[in-house]
>>> print(open('structure_37.cif').read())   # mmCIF, C-alpha atoms
data_my_file
loop_
_atom_site.label_atom_id
_atom_site.label_comp_id
_atom_site.auth_asym_id
_atom_site.auth_seq_id
_atom_site.Cartn_x
_atom_site.Cartn_y
_atom_site.Cartn_z
CA MET A 1 -71.14 121.75 270.65
CA PRO A 2 -68.75 120.43 268.00
CA THR A 3 -70.05 118.12 265.29
CA PRO A 4 -68.67 114.57 264.98
CA ILE A 5 -66.50 115.51 261.98
CA GLU A 6 -65.10 118.47 263.95
CA ILE A 7 -64.21 116.12 266.81
CA ALA A 8 -62.61 113.71 264.34
CA LEU A 9 -60.60 116.60 262.86
CA GLU A 10 -59.41 117.55 266.37
CA GLU A 11 -58.26 113.96 266.92
CA ALA A 12 -56.52 113.97 263.53
CA ALA A 13 -54.64 117.16 264.42
CA LEU A 14 -53.56 115.63 267.74
CA ALA A 15 -52.35 112.53 265.87
CA ALA A 16 -50.30 114.71 263.51
CA ALA A 17 -48.76 116.49 266.50
CA ARG A 18 -47.63 113.06 267.78
CA GLY A 19 -46.08 112.27 264.41
CA GLU A 20 -48.87 109.89 263.44
CA VAL A 21 -50.72 109.92 260.13
CA PRO A 22 -53.46 112.49 260.85
CA VAL A 23 -56.60 110.42 260.93
CA GLY A 24 -59.21 110.93 263.62
CA ALA A 25 -62.40 109.07 264.45
CA VAL A 26 -65.36 109.42 266.76
CA VAL A 27 -68.24 107.09 267.61
CA THR A 28 -71.51 108.71 268.57
CA GLY A 29 -74.65 107.15 269.98
CA PRO A 30 -78.17 107.72 268.70
CA ASP A 31 -78.49 110.80 270.92
CA GLY A 32 -75.22 112.26 269.58
CA ALA A 33 -73.26 111.47 272.74
CA VAL A 34 -69.58 110.76 272.14
CA LEU A 35 -68.86 107.16 273.12
CA GLY A 36 -65.33 106.90 271.76
CA ARG A 37 -62.80 109.16 270.07
CA ALA A 38 -59.25 108.62 268.93
CA GLY A 39 -56.51 109.49 266.52
CA ASN A 40 -54.04 107.10 264.96
CA ARG A 41 -51.51 105.60 267.42
CA VAL A 42 -49.74 103.12 265.14
CA GLU A 43 -46.23 104.46 265.76
CA GLU A 44 -46.73 105.21 269.45
CA LEU A 45 -48.11 101.76 270.26
CA HIS A 46 -45.98 99.89 267.69
CA ASP A 47 -49.25 98.39 266.49
CA PRO A 48 -50.33 98.46 262.86
CA SER A 49 -53.93 97.89 263.95
CA ALA A 50 -54.00 101.02 266.14
CA HIS A 51 -55.97 103.01 263.57
CA ALA A 52 -58.24 105.76 264.86
CA GLU A 53 -61.38 103.84 263.90
CA ILE A 54 -60.38 100.66 265.74
CA LEU A 55 -59.46 102.59 268.89
CA ALA A 56 -62.67 104.65 268.87
CA LEU A 57 -64.84 101.58 268.23
CA ARG A 58 -63.18 99.72 271.11
CA GLN A 59 -63.79 102.67 273.44
CA ALA A 60 -67.45 102.87 272.44
CA ALA A 61 -67.95 99.13 272.93
CA GLY A 62 -66.38 99.44 276.36
CA GLN A 63 -68.65 102.36 277.25
CA LEU A 64 -71.74 100.42 276.19
CA ARG A 65 -70.40 97.12 277.50
CA SER A 66 -71.36 95.49 274.23
CA PRO A 67 -69.44 94.08 271.24
CA ARG A 68 -72.09 95.54 268.93
CA LEU A 69 -72.91 99.19 268.27
CA PRO A 70 -76.12 98.96 266.20
CA ASP A 71 -77.39 102.48 266.87
CA CYS A 72 -74.02 104.20 266.54
CA THR A 73 -72.25 106.23 263.89
CA LEU A 74 -68.54 106.02 263.18
CA THR A 75 -67.25 109.32 261.79
CA VAL A 76 -63.68 109.44 260.47
CA THR A 77 -61.58 111.97 258.59
CA LEU A 78 -60.47 109.49 255.92
CA GLU A 79 -62.29 106.71 254.09
CA PRO A 80 -61.69 103.62 256.23
CA CYS A 81 -59.15 101.09 255.02
CA PRO A 82 -60.33 97.50 254.48
CA MET A 83 -59.34 96.52 258.05
CA CYS A 84 -61.33 99.37 259.58
CA ALA A 85 -64.29 98.88 257.26
CA GLN A 86 -64.41 95.22 258.28
CA ALA A 87 -64.22 96.25 261.95
CA ALA A 88 -67.15 98.65 261.46
CA SER A 89 -69.09 95.75 259.96
CA PHE A 90 -68.21 93.43 262.85
CA PHE A 91 -69.15 96.11 265.40
CA ARG A 92 -72.45 96.40 263.50
CA VAL A 93 -72.41 100.21 263.40
CA ARG A 94 -75.46 101.80 261.85
CA ARG A 95 -73.56 104.37 259.80
CA VAL A 96 -70.04 105.16 258.64
CA ALA A 97 -69.40 108.79 257.72
CA PHE A 98 -66.04 110.00 256.46
CA GLY A 99 -64.28 113.05 255.11
CA ALA A 100 -61.61 112.49 252.47
CA TYR A 101 -61.86 109.70 249.94
CA ASP A 102 -58.87 107.33 249.70
CA PRO A 103 -58.52 105.96 246.16
CA LYS A 104 -55.27 104.17 247.07
CA GLY A 105 -56.04 102.60 250.46
CA GLY A 106 -59.76 102.94 251.03
CA GLY A 107 -61.95 99.95 251.67
CA VAL A 108 -65.42 101.45 251.39
CA GLU A 109 -65.81 103.37 248.12
CA HIS A 110 -62.47 102.19 246.70
CA GLY A 111 -60.32 99.06 246.73
CA ALA A 112 -61.88 96.11 248.50
CA ARG A 113 -65.32 97.77 248.89
CA ILE A 114 -65.89 95.70 252.01
CA PHE A 115 -69.57 96.58 252.46
CA ALA A 116 -70.40 95.46 248.90
CA ALA A 117 -68.64 92.10 249.23
CA PRO A 118 -70.88 89.01 249.37
CA SER A 119 -69.00 87.91 252.50
CA CYS A 120 -69.98 91.10 254.39
CA HIS A 121 -72.42 90.20 257.17
CA HIS A 122 -73.45 93.80 257.94
CA ALA A 123 -73.28 96.79 255.63
CA PRO A 124 -73.82 100.14 257.37
CA GLU A 125 -75.16 103.25 255.72
CA VAL A 126 -72.23 105.19 254.20
CA ILE A 127 -71.84 108.95 253.89
CA GLY A 128 -68.65 110.21 252.25
CA GLY A 129 -67.17 113.63 251.63
CA LEU A 130 -67.80 115.37 254.99
CA ARG A 131 -65.55 118.44 254.98
CA GLU A 132 -63.59 116.54 252.37
CA GLY A 133 -61.27 119.41 251.43
CA GLU A 134 -60.25 120.13 255.00
CA CYS A 135 -59.65 116.45 255.76
CA ALA A 136 -57.63 115.95 252.57
CA THR A 137 -55.56 119.10 253.21
CA LEU A 138 -54.60 117.88 256.68
CA LEU A 139 -53.25 114.65 255.20
CA ARG A 140 -51.57 116.32 252.23
CA ASP A 141 -49.80 118.89 254.46
CA PHE A 142 -48.63 116.15 256.83
CA PHE A 143 -47.07 114.07 254.06
CA ARG A 144 -45.62 117.12 252.33
CA ALA A 145 -43.80 118.03 255.56
CA LYS A 146 -42.54 114.43 255.93
CA ARG A 147 -41.25 114.28 252.34
CA PRO A 148 -39.88 117.71 251.47
CA GLY A 149 -38.64 118.38 247.98
#
>>> encode(input="structure_37.cif", output="structure tokens")
Amino acid sequence: MPTPIEIALEEAALAAARGEVPVGAVVTGPDGAVLGRAGNRVEELHDPSAHAEILALRQAAGQLRSPRLPDCTLTVTLEPCPMCAQAASFFRVRRVAFGAYDPKGGGVEHGARIFAAPSCHHAPEVIGGLREGECATLLRDFFRAKRPG
């Protein structure tokens, strides 16, 4: 059975194959069951909010028929941006786990540091660096292919 980060990496690879920035996310319940999984679909859906995390969180909420996911873990290949970190807070996930750090656009350990902000109503447990090298390589290779030279 694949681990959550392996599932997220699969979703990231599928996103890359669609020409999307290769980010994948999965939401798992307390028993490890997959409740939602997605890769970025920003270009396909013409929607700047169609990040992997948002799509996976929406699927999980639909599965559970609840706007809150208090016993769930969001696992993503890249440190969530501020929008996705805020969404994780609003969905009340228990834990956010991610692969590659994002010093430029991250919103958890970098940039806005959403969960540390006084205005944050719910701060999940955070685990960073899951298969960090593999996640970072996927992104680096994608952008290198897009911008040759």
>>> closest_residue(input="structure_37.cif", among="A:Glu79, A:Glu125, A:Glu109, A:Glu134", to="Arg92 of chain A", atoms="all atoms listed in the file")
A:Glu125
>>> residues_around(input="structure_37.cif", residues="His121 of chain A", least_positions_apart="3", cutoff="12 Å", atoms="only C-alpha atoms", output="list in words")
Ala85, Gln86, Ala87, Ala88, Ser89, Phe90, Phe91, Arg92, Val93, Ile114, Phe115, Ala116, Ala117, Pro118 and Pro124 of chain A
>>> atom_distance(input="structure_37.cif", atom1="atom CA of Ala97 of chain A", atom2="atom CA of Glu20 of chain A")
21.3 Å
>>> atom_distance(input="structure_37.cif", atom1="atom CA of Thr73 of chain A", atom2="atom CA of Gly29 of chain A")
6.6 Å
>>> residues_near_point(input="structure_37.cif", point="(-46.8, 115.7, 262.3)", cutoff="12 Å", atoms="only C-alpha atoms", output="ChimeraX atom specification")
/A:12-23,40,43,138-147
